[in-house]
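Data first, discussion second: the structure below is written as structure tokens.
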Amino acid sequence: MDADLQDDPKEIPRFLEKLDQGYDVVSGYKKKRYDPWHKVWPSRIFNAMVRVMTGIRLHDVNCGFKCYRRQVIERIHVYGEMHRFLPVLAFWKRFRIGEIEVEHHPREFGVTKFGTARMLKGFIDLLTISFLIRYSESPSYLFGKIGFTSTIAGFFICLYLSILWVMGKGPIGNRPMLFLGILLIVVGIQFFGIGLLSEMLTFSLTKTEKPYIISKIDENGLE
């Protein structure tokens, strides 16, 4: 929770009650916010992007008022500024995510840390998280798609130029399109190679760490 008393400590028992319903992470939702519009609207747009790109259905992933079970924190690896995406990482690990509406108070202490630089960093981190969620266990799917598209495009360009050469339409060795076709084929093969190397790296890492956790919650909310 924030240290400036915009988050109300009286909400803590409600978080615990929600955890007792079988959830592993409970996120706060500040439906009525006492922040300036230039902070609220970018936050809403960002949250909409998070929902679309990650599949997690939280109203406000940016809300710092959250409650976690201990095993969630122990099994999530965070680096950089990924702390704002802890619910997304927990969701990726197959933990159950809940949300409650919390009371928000006007700022009386401290200064806001929100700014343009933070928005840019958040967007970059969102792209990183989206990549990790979709392709961390199968990176060749991403690199393979790019490599296949590039190689096929280059192949058809070279095929077209070859047909022109056979039909006597003149030399093709000095045409920029030929260099483009060759470049696309070479880049496509490189992406295939990157995909295979990524799969080898992923395979070596998953030997020692499970890609996700399978757990059972009893009536007391314990694993």
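Just remember, in the structure tokens the first chain shown is A, the second B, etc., residues are 1-based per chain, and ligands are 1-based in the order shown.
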- [ ] Would you kindly return, as a ChimeraX atom specification, each protein, DNA or RNA residue with an atom no farther than 8 Å from any atom of Ser140 in chain A, considering only C-alpha atoms and excluding same-chain residues fewer than 6 positions away?
- [x] /A:192,194-196,198-199
Task: Residue nearest Ile45 in chain A among A:Tyr23, A:Tyr29, A:Phe123, A:Phe85 (counting only C-alpha atoms) - done: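 Of A:Tyr23, A:Tyr29, A:Phe123, A:Phe85, the one nearest Ile45 in chain A is A:Phe123, counting only C-alpha atoms.
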TODO: If you run DSSP over the backbone, which residues in range 40-210 of chain A end up alpha helix (DSSP H)? Put them as a ChimeraX atom specification.
DONE: /A:40-54,70-75,86-92,116-135,139-166,176-205
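Between CA of Tyr68 in chain A and CA of Ser130 in chain A the separation is 21.8 Å.
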Open item on the list: So that I can see what lies close to Lys30 in chain A, please list as a ChimeraX atom specification the residues with an atom at most 12 Å from it, counting only C-alpha atoms and leaving out residues fewer than 5 positions away in the same chain.
Closed with: /A:6-8,11,35,40,43-44,58-66,99-106
Open item on the list: What's the separation between CA of Val25 in chain A and CA of Leu126 in chain A, in Å to one decimal place?
Closed with: 19.5 Å
